Amino acid sequence: MRNTGKRSVPILFKTISKNFGNILRLYPKMMWVADHPKKYSPEEQYDFCMFLIRTLIDSAGVVVKAFGLENIPASDGFYVCANHQEKFDPLAIWYTFPRKIGVILDDRATHRPFIREVCKLVRSKKLHYRRPKKIFKALSEVTEELKNKINYMVFPEGNYEEVSGKLSEFHTGSFKSPKNAKCPILPVAIIDSFKIFDKGFKTTLPIQIHYLKPIMPFEFEKLTTSEIAELVKSRIQAVLDKFQK
């Protein structure tokens, strides 16, 4: 078992070091675009954010490979559920995802530099875990937006402190929105992102993003959110068992 929390500082240092020139060049513009929504359309903000993410990942020498892109539903308004191994995980999905997708995340993470700007540039919902009314409001908004053909991704484990090859418990509240919206759930298995920068600026293996077969509403309409969580978790765990080194 590995504690990835202790790795955050060296990973951040290496990422900044490798991208120092890009950060000096692009981060001020990122802050400007994020703070001036009246000057930039939502599409322009999102596209700039994706350009920045791809530039930083490519410059850092991180290899991200996507599998199963054909499993992504043809129509928007679906819910992406992925396992969580590193801070890098949302970026890896954005890097490989062919369409617009928002993110649901812990409010505590949204006040950090870069993440703060990303949340402004893409559609995001912040969950205040000690404020139930705000959680209910955010999840209700996600439900309505899923109905309006807006895609979201979530990491139902809620943390990534331990990596043992076995998934942590999935928070059942993460599945209220897709159940109420009656939208497809797209399980995603992230492989080896916790090994990022294990050897200098190179990962030990390419990070793999596996888009699995979507779970359609008719498959879970009679299930409780706990049962949906277990269903999604089992689909992702099967891929981890097969590919995680």
# chains A, B, ... in the order shown; residues from 1 in each chain; ligands from 1
>>> residues_around(residues="Thr143 of chain A", least_positions_apart="2", cutoff="7 Å", atoms="only C-alpha atoms", output="VMD selection string")
chain A and resid 139 to 141 145 to 147 177 to 178 180 to 181
>>> residues_around(residues="segment 30-42 of chain A", least_positions_apart="4", cutoff="6 Å", atoms="only C-alpha atoms", output="NGL selection string")
:A and (117 or 120-121)
>>> residues_around(residues="Gly77 of chain A", least_positions_apart="6", cutoff="7 Å", atoms="only C-alpha atoms", output="PyMOL selection string")
chain A and resi 146-151+183
>>> residues_around(residues="Phe243 of chain A", least_positions_apart="6", cutoff="12 Å", atoms="only C-alpha atoms", output="list in words")
Gly165, Ala189, Ile190, Ile191, Asp192, Leu205, Pro206, Ile207, Gln208, Ile209, His210, Ile236 and Gln237 of chain A
>>> write_last_selection(atoms="N, CA, C and O atoms", output="compact mmCIF listing (two decimals), in the first residue's frame")
# COMPACT_ATOMS: atom_id res chain seq x y z
N GLY A 165 -4.42 -1.07 -5.19
CA GLY A 165 -4.99 -1.90 -6.23
C GLY A 165 -6.47 -2.18 -6.00
O GLY A 165 -7.14 -2.72 -6.86
N ALA A 189 -11.82 3.79 -15.79
CA ALA A 189 -10.74 3.23 -14.98
C ALA A 189 -9.44 3.95 -15.31
O ALA A 189 -9.01 3.96 -16.47
N ILE A 190 -8.83 4.54 -14.30
CA ILE A 190 -7.55 5.24 -14.46
C ILE A 190 -6.45 4.34 -13.92
O ILE A 190 -6.49 3.93 -12.76
N ILE A 191 -5.48 4.05 -14.77
CA ILE A 191 -4.42 3.10 -14.43
C ILE A 191 -3.07 3.81 -14.35
O ILE A 191 -2.69 4.53 -15.27
N ASP A 192 -2.38 3.64 -13.24
CA ASP A 192 -0.99 4.07 -13.06
C ASP A 192 -0.78 5.57 -12.95
O ASP A 192 0.36 6.04 -13.06
N LEU A 205 5.17 4.02 -16.41
CA LEU A 205 4.34 3.47 -17.48
C LEU A 205 3.43 4.59 -17.99
O LEU A 205 3.16 5.53 -17.26
N PRO A 206 2.96 4.48 -19.23
CA PRO A 206 1.97 5.46 -19.67
C PRO A 206 0.73 5.39 -18.77
O PRO A 206 0.33 4.31 -18.33
N ILE A 207 0.13 6.52 -18.50
CA ILE A 207 -1.12 6.55 -17.75
C ILE A 207 -2.23 6.12 -18.70
O ILE A 207 -2.36 6.66 -19.79
N GLN A 208 -3.02 5.16 -18.26
CA GLN A 208 -4.09 4.64 -19.11
C GLN A 208 -5.45 5.13 -18.62
O GLN A 208 -5.74 5.08 -17.44
N ILE A 209 -6.25 5.59 -19.57
CA ILE A 209 -7.63 5.99 -19.28
C ILE A 209 -8.54 5.05 -20.06
O ILE A 209 -8.59 5.10 -21.29
N HIS A 210 -9.25 4.19 -19.34
CA HIS A 210 -10.13 3.22 -19.97
C HIS A 210 -11.58 3.68 -19.83
O HIS A 210 -12.12 3.71 -18.71
N ILE A 236 -15.24 -0.87 -12.64
CA ILE A 236 -13.91 -0.25 -12.64
C ILE A 236 -12.88 -1.18 -12.01
O ILE A 236 -11.75 -1.33 -12.52
N GLN A 237 -13.25 -1.85 -10.91
CA GLN A 237 -12.32 -2.74 -10.23
C GLN A 237 -11.87 -3.88 -11.14
O GLN A 237 -10.70 -4.29 -11.11
>>> select_by_dssp(residues="segment 81-237 of chain A", states="helix (DSSP H, G or I)", output="PyMOL selection string")
chain A and resi 89-96+107-111+115-121+132-147+172-181+193-195+217-220+225-237
>>> closest_residue(among="A:Val232, A:Gly173, A:Pro156, A:Thr55", to="Pro132 of chain A", atoms="only C-alpha atoms")
A:Gly173
>>> residues_around(residues="Arg116 of chain A", least_positions_apart="3", cutoff="12 Å", atoms="only C-alpha atoms", output="PDB file with all heavy atoms, in the first residue's frame")
ATOM      1  N   TYR A  27       0.171  31.241 -17.446  1.00  0.00           N
ATOM      2  CA  TYR A  27      -0.654  31.348 -16.244  1.00  0.00           C
ATOM      3  C   TYR A  27      -1.272  32.738 -16.068  1.00  0.00           C
ATOM      4  O   TYR A  27      -2.454  32.845 -15.701  1.00  0.00           O
ATOM      5  CB  TYR A  27       0.138  30.953 -14.999  1.00  0.00           C
ATOM      6  CG  TYR A  27      -0.712  30.881 -13.752  1.00  0.00           C
ATOM      7  CD1 TYR A  27      -1.793  29.992 -13.674  1.00  0.00           C
ATOM      8  CD2 TYR A  27      -0.457  31.696 -12.659  1.00  0.00           C
ATOM      9  CE1 TYR A  27      -2.585  29.927 -12.533  1.00  0.00           C
ATOM     10  CE2 TYR A  27      -1.242  31.632 -11.516  1.00  0.00           C
ATOM     11  CZ  TYR A  27      -2.292  30.741 -11.458  1.00  0.00           C
ATOM     12  OH  TYR A  27      -3.082  30.679 -10.333  1.00  0.00           O
ATOM     13  N   MET A  30      -4.176  32.773 -18.210  1.00  0.00           N
ATOM     14  CA  MET A  30      -5.210  31.903 -17.645  1.00  0.00           C
ATOM     15  C   MET A  30      -6.022  32.651 -16.588  1.00  0.00           C
ATOM     16  O   MET A  30      -7.252  32.586 -16.562  1.00  0.00           O
ATOM     17  CB  MET A  30      -4.554  30.662 -17.024  1.00  0.00           C
ATOM     18  CG  MET A  30      -5.546  29.641 -16.493  1.00  0.00           C
ATOM     19  SD  MET A  30      -4.698  28.288 -15.638  1.00  0.00           S
ATOM     20  CE  MET A  30      -6.025  27.088 -15.513  1.00  0.00           C
ATOM     21  N   MET A  31      -5.337  33.374 -15.707  1.00  0.00           N
ATOM     22  CA  MET A  31      -6.028  34.141 -14.671  1.00  0.00           C
ATOM     23  C   MET A  31      -6.902  35.221 -15.307  1.00  0.00           C
ATOM     24  O   MET A  31      -8.033  35.461 -14.860  1.00  0.00           O
ATOM     25  CB  MET A  31      -5.010  34.767 -13.703  1.00  0.00           C
ATOM     26  CG  MET A  31      -4.297  33.753 -12.828  1.00  0.00           C
ATOM     27  SD  MET A  31      -3.332  34.524 -11.505  1.00  0.00           S
ATOM     28  CE  MET A  31      -2.036  35.313 -12.460  1.00  0.00           C
ATOM     29  N   ALA A  34      -9.962  33.619 -16.961  1.00  0.00           N
ATOM     30  CA  ALA A  34     -10.856  33.093 -15.929  1.00  0.00           C
ATOM     31  C   ALA A  34     -11.627  34.197 -15.217  1.00  0.00           C
ATOM     32  O   ALA A  34     -12.783  34.014 -14.829  1.00  0.00           O
ATOM     33  CB  ALA A  34     -10.054  32.275 -14.912  1.00  0.00           C
ATOM     34  N   ASP A  35     -10.982  35.355 -15.053  1.00  0.00           N
ATOM     35  CA  ASP A  35     -11.590  36.441 -14.275  1.00  0.00           C
ATOM     36  C   ASP A  35     -12.402  37.414 -15.128  1.00  0.00           C
ATOM     37  O   ASP A  35     -12.938  38.396 -14.606  1.00  0.00           O
ATOM     38  CB  ASP A  35     -10.502  37.218 -13.519  1.00  0.00           C
ATOM     39  CG  ASP A  35      -9.913  36.410 -12.379  1.00  0.00           C
ATOM     40  OD1 ASP A  35     -10.605  35.488 -11.896  1.00  0.00           O
ATOM     41  OD2 ASP A  35      -8.768  36.678 -11.977  1.00  0.00           O
ATOM     42  N   CYS A  49      -8.677  26.558 -21.608  1.00  0.00           N
ATOM     43  CA  CYS A  49      -8.287  25.673 -20.512  1.00  0.00           C
ATOM     44  C   CYS A  49      -7.757  24.350 -21.048  1.00  0.00           C
ATOM     45  O   CYS A  49      -6.742  23.842 -20.570  1.00  0.00           O
ATOM     46  CB  CYS A  49      -9.476  25.440 -19.577  1.00  0.00           C
ATOM     47  SG  CYS A  49      -9.056  24.560 -18.057  1.00  0.00           S
ATOM     48  N   LEU A 105     -16.267  18.451  -7.596  1.00  0.00           N
ATOM     49  CA  LEU A 105     -15.123  18.235  -6.726  1.00  0.00           C
ATOM     50  C   LEU A 105     -15.308  18.894  -5.368  1.00  0.00           C
ATOM     51  O   LEU A 105     -16.193  19.732  -5.169  1.00  0.00           O
ATOM     52  CB  LEU A 105     -13.837  18.711  -7.389  1.00  0.00           C
ATOM     53  CG  LEU A 105     -13.595  20.203  -7.561  1.00  0.00           C
ATOM     54  CD1 LEU A 105     -12.196  20.425  -8.107  1.00  0.00           C
ATOM     55  CD2 LEU A 105     -14.601  20.867  -8.480  1.00  0.00           C
ATOM     56  N   ASP A 106     -14.449  18.491  -4.451  1.00  0.00           N
ATOM     57  CA  ASP A 106     -14.466  19.005  -3.092  1.00  0.00           C
ATOM     58  C   ASP A 106     -14.092  20.487  -3.102  1.00  0.00           C
ATOM     59  O   ASP A 106     -13.085  20.877  -3.693  1.00  0.00           O
ATOM     60  CB  ASP A 106     -13.443  18.209  -2.259  1.00  0.00           C
ATOM     61  CG  ASP A 106     -13.481  18.537  -0.779  1.00  0.00           C
ATOM     62  OD1 ASP A 106     -14.028  19.594  -0.400  1.00  0.00           O
ATOM     63  OD2 ASP A 106     -12.938  17.744   0.008  1.00  0.00           O
ATOM     64  N   ASP A 107     -14.887  21.293  -2.437  1.00  0.00           N
ATOM     65  CA  ASP A 107     -14.625  22.728  -2.394  1.00  0.00           C
ATOM     66  C   ASP A 107     -13.241  23.051  -1.859  1.00  0.00           C
ATOM     67  O   ASP A 107     -12.618  24.029  -2.270  1.00  0.00           O
ATOM     68  CB  ASP A 107     -15.684  23.421  -1.529  1.00  0.00           C
ATOM     69  CG  ASP A 107     -15.407  24.896  -1.350  1.00  0.00           C
ATOM     70  OD1 ASP A 107     -15.588  25.648  -2.334  1.00  0.00           O
ATOM     71  OD2 ASP A 107     -14.981  25.300  -0.249  1.00  0.00           O
ATOM     72  N   ARG A 108     -12.722  22.221  -0.949  1.00  0.00           N
ATOM     73  CA  ARG A 108     -11.417  22.497  -0.341  1.00  0.00           C
ATOM     74  C   ARG A 108     -10.293  22.526  -1.369  1.00  0.00           C
ATOM     75  O   ARG A 108      -9.274  23.185  -1.155  1.00  0.00           O
ATOM     76  CB  ARG A 108     -11.114  21.456   0.742  1.00  0.00           C
ATOM     77  CG  ARG A 108     -12.015  21.557   1.965  1.00  0.00           C
ATOM     78  CD  ARG A 108     -11.841  20.384   2.896  1.00  0.00           C
ATOM     79  NE  ARG A 108     -12.318  19.145   2.283  1.00  0.00           N
ATOM     80  CZ  ARG A 108     -12.346  17.969   2.911  1.00  0.00           C
ATOM     81  NH1 ARG A 108     -11.921  17.875   4.162  1.00  0.00           N
ATOM     82  NH2 ARG A 108     -12.793  16.893   2.291  1.00  0.00           N
ATOM     83  N   ALA A 109     -10.482  21.806  -2.480  1.00  0.00           N
ATOM     84  CA  ALA A 109      -9.434  21.766  -3.510  1.00  0.00           C
ATOM     85  C   ALA A 109      -9.516  22.928  -4.477  1.00  0.00           C
ATOM     86  O   ALA A 109      -8.568  23.184  -5.222  1.00  0.00           O
ATOM     87  CB  ALA A 109      -9.529  20.451  -4.277  1.00  0.00           C
ATOM     88  N   THR A 110     -10.621  23.663  -4.450  1.00  0.00           N
ATOM     89  CA  THR A 110     -10.858  24.662  -5.497  1.00  0.00           C
ATOM     90  C   THR A 110     -10.238  26.024  -5.201  1.00  0.00           C
ATOM     91  O   THR A 110     -10.371  26.936  -6.003  1.00  0.00           O
ATOM     92  CB  THR A 110     -12.362  24.853  -5.716  1.00  0.00           C
ATOM     93  OG1 THR A 110     -12.956  25.438  -4.537  1.00  0.00           O
ATOM     94  CG2 THR A 110     -13.038  23.518  -6.003  1.00  0.00           C
ATOM     95  N   HIS A 111      -9.570  26.171  -4.073  1.00  0.00           N
ATOM     96  CA  HIS A 111      -8.982  27.460  -3.717  1.00  0.00           C
ATOM     97  C   HIS A 111      -7.477  27.498  -3.995  1.00  0.00           C
ATOM     98  O   HIS A 111      -6.826  28.507  -3.714  1.00  0.00           O
ATOM     99  CB  HIS A 111      -9.259  27.764  -2.240  1.00  0.00           C
ATOM    100  CG  HIS A 111     -10.721  27.751  -1.901  1.00  0.00           C
ATOM    101  ND1 HIS A 111     -11.578  28.771  -2.253  1.00  0.00           N
ATOM    102  CD2 HIS A 111     -11.487  26.818  -1.275  1.00  0.00           C
ATOM    103  CE1 HIS A 111     -12.806  28.483  -1.848  1.00  0.00           C
ATOM    104  NE2 HIS A 111     -12.776  27.304  -1.258  1.00  0.00           N
ATOM    105  N   ARG A 112      -6.943  26.410  -4.536  1.00  0.00           N
ATOM    106  CA  ARG A 112      -5.515  26.347  -4.836  1.00  0.00           C
ATOM    107  C   ARG A 112      -5.243  26.957  -6.208  1.00  0.00           C
ATOM    108  O   ARG A 112      -6.070  26.851  -7.113  1.00  0.00           O
ATOM    109  CB  ARG A 112      -5.039  24.889  -4.813  1.00  0.00           C
ATOM    110  CG  ARG A 112      -5.239  24.214  -3.462  1.00  0.00           C
ATOM    111  CD  ARG A 112      -5.097  22.717  -3.579  1.00  0.00           C
ATOM    112  NE  ARG A 112      -5.411  22.057  -2.321  1.00  0.00           N
ATOM    113  CZ  ARG A 112      -5.693  20.765  -2.198  1.00  0.00           C
ATOM    114  NH1 ARG A 112      -5.691  19.998  -3.278  1.00  0.00           N
ATOM    115  NH2 ARG A 112      -5.971  20.244  -1.016  1.00  0.00           N
ATOM    116  N   PRO A 113      -4.085  27.607  -6.370  1.00  0.00           N
ATOM    117  CA  PRO A 113      -3.734  28.162  -7.683  1.00  0.00           C
ATOM    118  C   PRO A 113      -3.814  27.093  -8.763  1.00  0.00           C
ATOM    119  O   PRO A 113      -3.544  25.918  -8.525  1.00  0.00           O
ATOM    120  CB  PRO A 113      -2.291  28.642  -7.485  1.00  0.00           C
ATOM    121  CG  PRO A 113      -2.186  28.906  -6.021  1.00  0.00           C
ATOM    122  CD  PRO A 113      -3.049  27.870  -5.357  1.00  0.00           C
ATOM    123  N   CYS A 119     -11.490  25.751 -12.417  1.00  0.00           N
ATOM    124  CA  CYS A 119     -12.901  25.698 -12.019  1.00  0.00           C
ATOM    125  C   CYS A 119     -13.698  26.867 -12.575  1.00  0.00           C
ATOM    126  O   CYS A 119     -14.912  26.758 -12.772  1.00  0.00           O
ATOM    127  CB  CYS A 119     -13.017  25.675 -10.497  1.00  0.00           C
ATOM    128  SG  CYS A 119     -12.494  24.113  -9.777  1.00  0.00           S
ATOM    129  N   LYS A 120     -13.045  27.975 -12.829  1.00  0.00           N
ATOM    130  CA  LYS A 120     -13.723  29.113 -13.426  1.00  0.00           C
ATOM    131  C   LYS A 120     -13.871  28.952 -14.942  1.00  0.00           C
ATOM    132  O   LYS A 120     -14.833  29.450 -15.532  1.00  0.00           O
ATOM    133  CB  LYS A 120     -12.948  30.410 -13.133  1.00  0.00           C
ATOM    134  CG  LYS A 120     -12.954  30.834 -11.669  1.00  0.00           C
ATOM    135  CD  LYS A 120     -12.163  32.118 -11.485  1.00  0.00           C
ATOM    136  CE  LYS A 120     -12.148  32.574 -10.035  1.00  0.00           C
ATOM    137  NZ  LYS A 120     -11.374  33.825  -9.849  1.00  0.00           N
ATOM    138  N   LEU A 121     -12.911  28.258 -15.551  1.00  0.00           N
ATOM    139  CA  LEU A 121     -12.892  28.139 -17.007  1.00  0.00           C
ATOM    140  C   LEU A 121     -13.787  27.016 -17.531  1.00  0.00           C
ATOM    141  O   LEU A 121     -14.262  27.076 -18.664  1.00  0.00           O
ATOM    142  CB  LEU A 121     -11.453  27.911 -17.490  1.00  0.00           C
ATOM    143  CG  LEU A 121     -10.499  29.098 -17.300  1.00  0.00           C
ATOM    144  CD1 LEU A 121      -9.071  28.673 -17.611  1.00  0.00           C
ATOM    145  CD2 LEU A 121     -10.911  30.272 -18.177  1.00  0.00           C
ATOM    146  N   VAL A 122     -13.985  25.987 -16.713  1.00  0.00           N
ATOM    147  CA  VAL A 122     -14.874  24.896 -17.115  1.00  0.00           C
ATOM    148  C   VAL A 122     -16.085  24.916 -16.186  1.00  0.00           C
ATOM    149  O   VAL A 122     -16.080  25.541 -15.141  1.00  0.00           O
ATOM    150  CB  VAL A 122     -14.169  23.521 -17.027  1.00  0.00           C
ATOM    151  CG1 VAL A 122     -12.892  23.512 -17.841  1.00  0.00           C
ATOM    152  CG2 VAL A 122     -13.879  23.134 -15.581  1.00  0.00           C
ATOM    153  N   SER A 124     -18.099  23.757 -13.309  1.00  0.00           N
ATOM    154  CA  SER A 124     -17.727  22.982 -12.124  1.00  0.00           C
ATOM    155  C   SER A 124     -18.773  23.153 -11.032  1.00  0.00           C
ATOM    156  O   SER A 124     -19.449  24.180 -10.944  1.00  0.00           O
ATOM    157  CB  SER A 124     -16.356  23.424 -11.601  1.00  0.00           C
ATOM    158  OG  SER A 124     -16.388  24.777 -11.175  1.00  0.00           O
ATOM    159  N   LYS A 126     -18.961  22.660  -6.804  1.00  0.00           N
ATOM    160  CA  LYS A 126     -18.158  22.466  -5.607  1.00  0.00           C
ATOM    161  C   LYS A 126     -19.024  21.892  -4.485  1.00  0.00           C
ATOM    162  O   LYS A 126     -20.109  22.395  -4.213  1.00  0.00           O
ATOM    163  CB  LYS A 126     -17.551  23.804  -5.169  1.00  0.00           C
ATOM    164  CG  LYS A 126     -16.765  24.493  -6.270  1.00  0.00           C
ATOM    165  CD  LYS A 126     -16.333  25.884  -5.844  1.00  0.00           C
ATOM    166  CE  LYS A 126     -15.655  26.632  -6.970  1.00  0.00           C
ATOM    167  NZ  LYS A 126     -15.218  27.993  -6.563  1.00  0.00           N
TER     168      LYS A 126
END
>>> residues_around(residues="segment 89-101 of chain A", least_positions_apart="3", cutoff="8 Å", atoms="only C-alpha atoms", output="PyMOL selection string")
chain A and resi 46+50+53-54+64-66+84-86+122-123+150-153+190+193+209
>>> write_last_selection(atoms="C-alpha atoms", output="mmCIF file, in the first residue's frame")
data_model
loop_
_atom_site.group_PDB
_atom_site.id
_atom_site.type_symbol
_atom_site.label_atom_id
_atom_site.label_comp_id
_atom_site.auth_asym_id
_atom_site.auth_seq_id
_atom_site.Cartn_x
_atom_site.Cartn_y
_atom_site.Cartn_z
ATOM 1 C CA TYR A 46 -13.156 25.985 -22.023
ATOM 2 C CA MET A 50 -7.967 22.518 -22.626
ATOM 3 C CA ILE A 53 -3.818 21.436 -19.922
ATOM 4 C CA ARG A 54 -2.565 19.735 -23.082
ATOM 5 C CA VAL A 64 -1.576 9.535 -21.414
ATOM 6 C CA LYS A 65 -3.286 6.868 -23.514
ATOM 7 C CA ALA A 66 -7.041 6.494 -23.931
ATOM 8 C CA HIS A 84 -9.010 8.424 -8.098
ATOM 9 C CA GLN A 85 -5.249 7.930 -7.781
ATOM 10 C CA GLU A 86 -3.702 11.398 -8.086
ATOM 11 C CA VAL A 122 -14.874 24.896 -17.115
ATOM 12 C CA ARG A 123 -18.300 24.141 -15.708
ATOM 13 C CA ILE A 150 -24.351 18.821 -20.064
ATOM 14 C CA ASN A 151 -21.722 16.210 -19.161
ATOM 15 C CA TYR A 152 -20.057 15.905 -15.758
ATOM 16 C CA MET A 153 -17.279 13.840 -14.247
ATOM 17 C CA ILE A 190 -7.548 5.238 -14.459
ATOM 18 C CA SER A 193 -1.544 7.794 -12.553
ATOM 19 C CA ILE A 209 -7.625 5.993 -19.281
#
>>> select_by_dssp(residues="segment 29-205 of chain A", states="strand (DSSP E)", output="PyMOL selection string")
chain A and resi 64-67+79-82+102-106+124-127+152-154+162-163+185-191
>>> decode(residues="segment 38-103 of chain A", atoms="C-alpha atoms", output="PDB file, in the first residue's frame")
ATOM      1  CA  LYS A  38     -17.826  38.906 -20.071  1.00  0.00           C
ATOM      2  CA  LYS A  39     -14.924  39.151 -22.510  1.00  0.00           C
ATOM      3  CA  TYR A  40     -14.774  35.428 -23.306  1.00  0.00           C
ATOM      4  CA  SER A  41     -17.593  33.040 -24.120  1.00  0.00           C
ATOM      5  CA  PRO A  42     -17.903  29.769 -22.167  1.00  0.00           C
ATOM      6  CA  GLU A  43     -16.628  27.957 -25.264  1.00  0.00           C
ATOM      7  CA  GLU A  44     -13.560  30.221 -25.493  1.00  0.00           C
ATOM      8  CA  GLN A  45     -12.828  29.759 -21.787  1.00  0.00           C
ATOM      9  CA  TYR A  46     -13.156  25.985 -22.023  1.00  0.00           C
ATOM     10  CA  ASP A  47     -11.030  25.756 -25.171  1.00  0.00           C
ATOM     11  CA  PHE A  48      -8.282  27.864 -23.614  1.00  0.00           C
ATOM     12  CA  CYS A  49      -8.287  25.673 -20.512  1.00  0.00           C
ATOM     13  CA  MET A  50      -7.967  22.518 -22.626  1.00  0.00           C
ATOM     14  CA  PHE A  51      -5.137  24.091 -24.625  1.00  0.00           C
ATOM     15  CA  LEU A  52      -3.315  24.909 -21.408  1.00  0.00           C
ATOM     16  CA  ILE A  53      -3.818  21.436 -19.922  1.00  0.00           C
ATOM     17  CA  ARG A  54      -2.565  19.735 -23.082  1.00  0.00           C
ATOM     18  CA  THR A  55       0.445  22.065 -23.298  1.00  0.00           C
ATOM     19  CA  LEU A  56       1.482  21.426 -19.694  1.00  0.00           C
ATOM     20  CA  ILE A  57       1.051  17.648 -19.940  1.00  0.00           C
ATOM     21  CA  ASP A  58       2.955  17.386 -23.200  1.00  0.00           C
ATOM     22  CA  SER A  59       5.744  19.662 -21.954  1.00  0.00           C
ATOM     23  CA  ALA A  60       6.116  17.589 -18.778  1.00  0.00           C
ATOM     24  CA  GLY A  61       6.661  14.466 -20.856  1.00  0.00           C
ATOM     25  CA  VAL A  62       3.679  12.675 -19.360  1.00  0.00           C
ATOM     26  CA  VAL A  63       2.189  10.023 -21.666  1.00  0.00           C
ATOM     27  CA  VAL A  64      -1.576   9.535 -21.414  1.00  0.00           C
ATOM     28  CA  LYS A  65      -3.286   6.868 -23.514  1.00  0.00           C
ATOM     29  CA  ALA A  66      -7.041   6.494 -23.931  1.00  0.00           C
ATOM     30  CA  PHE A  67      -8.863   3.235 -24.572  1.00  0.00           C
ATOM     31  CA  GLY A  68     -12.538   2.642 -25.325  1.00  0.00           C
ATOM     32  CA  LEU A  69     -13.344   6.075 -26.727  1.00  0.00           C
ATOM     33  CA  GLU A  70     -16.019   4.362 -28.800  1.00  0.00           C
ATOM     34  CA  ASN A  71     -17.892   3.711 -25.532  1.00  0.00           C
ATOM     35  CA  ILE A  72     -18.537   7.411 -24.935  1.00  0.00           C
ATOM     36  CA  PRO A  73     -22.262   8.010 -25.526  1.00  0.00           C
ATOM     37  CA  ALA A  74     -23.107   9.742 -28.783  1.00  0.00           C
ATOM     38  CA  SER A  75     -25.508  12.154 -27.078  1.00  0.00           C
ATOM     39  CA  ASP A  76     -24.426  14.569 -24.362  1.00  0.00           C
ATOM     40  CA  GLY A  77     -25.922  14.551 -20.894  1.00  0.00           C
ATOM     41  CA  PHE A  78     -24.038  11.652 -19.307  1.00  0.00           C
ATOM     42  CA  TYR A  79     -22.169  11.135 -16.039  1.00  0.00           C
ATOM     43  CA  VAL A  80     -18.520  10.041 -15.946  1.00  0.00           C
ATOM     44  CA  CYS A  81     -17.442   8.148 -12.798  1.00  0.00           C
ATOM     45  CA  ALA A  82     -13.742   7.407 -12.356  1.00  0.00           C
ATOM     46  CA  ASN A  83     -11.439   5.988  -9.713  1.00  0.00           C
ATOM     47  CA  HIS A  84      -9.010   8.424  -8.098  1.00  0.00           C
ATOM     48  CA  GLN A  85      -5.249   7.930  -7.781  1.00  0.00           C
ATOM     49  CA  GLU A  86      -3.702  11.398  -8.086  1.00  0.00           C
ATOM     50  CA  LYS A  87      -4.435  15.122  -8.411  1.00  0.00           C
ATOM     51  CA  PHE A  88      -3.592  14.573 -12.072  1.00  0.00           C
ATOM     52  CA  ASP A  89      -6.689  12.421 -12.746  1.00  0.00           C
ATOM     53  CA  PRO A  90      -9.158  15.128 -13.890  1.00  0.00           C
ATOM     54  CA  LEU A  91      -6.488  16.541 -16.199  1.00  0.00           C
ATOM     55  CA  ALA A  92      -5.885  13.105 -17.720  1.00  0.00           C
ATOM     56  CA  ILE A  93      -9.582  12.776 -18.523  1.00  0.00           C
ATOM     57  CA  TRP A  94      -9.766  16.268 -20.019  1.00  0.00           C
ATOM     58  CA  TYR A  95      -6.615  15.501 -22.028  1.00  0.00           C
ATOM     59  CA  THR A  96      -8.231  12.485 -23.673  1.00  0.00           C
ATOM     60  CA  PHE A  97     -11.918  13.442 -23.709  1.00  0.00           C
ATOM     61  CA  PRO A  98     -13.264  14.494 -27.131  1.00  0.00           C
ATOM     62  CA  ARG A  99     -16.119  16.713 -25.901  1.00  0.00           C
ATOM     63  CA  LYS A 100     -16.907  19.279 -23.222  1.00  0.00           C
ATOM     64  CA  ILE A 101     -17.233  17.956 -19.706  1.00  0.00           C
ATOM     65  CA  GLY A 102     -17.597  19.642 -16.329  1.00  0.00           C
ATOM     66  CA  VAL A 103     -16.312  18.444 -12.978  1.00  0.00           C
TER      67      VAL A 103
END
